[in-house]
Structure formats: C-alpha cells, structure tokens
Amino acid sequence: MSSQNNWNNPDMYYQQPQSNAGGSYGAQSYSQNAYAANAQYAGGPAYVYQPLPPTNVLAIVGMCASIFGFISSIFIGGIAGIVMGHIARKQIRERGERGDGMAVAALWVGYIGTALWILFWVLYVGVFVLIFGVAMVGAGSAS
C-alpha cells in the first residue's frame, strides 16, 4: 500500500468511537479508541499521558513582584514577593500544584533585592546626613 493513498484517509491514523451508548463520549473510552489505530505500529498498547497539574498563580505573581522590587527602588514589591512566595510554597505542598521553583526564586530574589535596596537607602541617607553634618560643623566654626 502506498503512503500517498493514505493522505486523505484520517481513519488510518485516528479511530473514532463507534458507539455513543451513554449520550456523550467518556474521556477514558475516547482516549483508548483514539490511540488504538497506532497500537499496531507501536508493538503494544498506546500510552496516554496524564495532564500536568496547574501552576500556582501566587508563585507567578510573587515572582513578578520580587523582580519588580529588585529592579525598581520600591522594595515593598520585594516584601510582597517574599510573602507571596511563602504562601505559594504552602499552597503547592497542600494542593500538589506546580511552581515550587518559581516560589523559591521569588523568595531568593525578594530577600536579596529587599536587603540590597534597604542597604542602598541607608547608605544614601547616611551620606547626606554626613554631608549636612560636616556642612553644619563647618558653618558653626566659621562664625
């Protein structure tokens, strides 16, 4: 049989369910019948992959907030990312969702970014306090 003769024959590759006894197609029966046509080529039963669990939304939002807090000088975003990262890790353990790596990354970026920005602002204000203090001492000794 030539392969060109089979281009217009979708039933050769996919086999639809033959009966609709229950009124609707069940996911299990449809997936078994849909892959049954290819079982002869695989040498055994066709494998149906399970769908992946959903990704935790709070892990995504926490990662975005941590990155925003790291890039901008608004370190409150980093603090929000830290809080959301901890809550997301708890939800992931309870619900079995994906996104634990993002939650951990949100924690790391949030902690490091917040610490760096707080250190920056403390040094920034400290330099101005030092400059004004020196200026005041110099102005007081000149008169």
# chains A, B, ... in the order shown; residues from 1 in each chain; ligands from 1
>>> residues_around(residues="range 111-116 of chain A", least_positions_apart="5", cutoff="10 Å", atoms="only C-alpha atoms", output="number ranges by chain")
A: 66-79, 81-82, 105-106, 121-122
>>> residues_around(residues="Asp100 in chain A", least_positions_apart="2", cutoff="8 Å", atoms="only C-alpha atoms", output="ChimeraX atom specification")
/A:59,88-89,92,98,102-104
>>> atom_distance(atom1="CA of Ile87 in chain A", atom2="CA of Leu119 in chain A")
25.9 Å
>>> atom_distance(atom1="CA of Lys90 in chain A", atom2="CA of Gly62 in chain A")
13.2 Å
>>> residues_around(residues="Val61 in chain A", least_positions_apart="3", cutoff="8 Å", atoms="only C-alpha atoms", output="list in words")
Val57, Leu58, Cys64, Ala65, Gly81 and Met84 of chain A
>>> residues_around(residues="Pro54 in chain A", least_positions_apart="6", cutoff="9 Å", atoms="only C-alpha atoms", output="PyMOL selection string")
chain A and resi 96-99
>>> write_last_selection(atoms="C-alpha atoms", output="PDB file, in the first residue's frame")
ATOM      1  CA  GLY A  96       0.071  19.302  44.689  1.00  0.00           C
ATOM      2  CA  GLU A  97       0.429  22.117  42.157  1.00  0.00           C
ATOM      3  CA  ARG A  98       3.486  23.043  40.120  1.00  0.00           C
ATOM      4  CA  GLY A  99       5.551  26.197  40.586  1.00  0.00           C
TER       5      GLY A  99
END
>>> atom_distance(atom1="CA of Arg93 in chain A", atom2="CA of Leu52 in chain A")
15.6 Å
>>> closest_residue(among="A:Gly110, A:Gly138, A:Gly133, A:Gly85", to="Ile60 in chain A", atoms="only C-alpha atoms")
A:Gly85
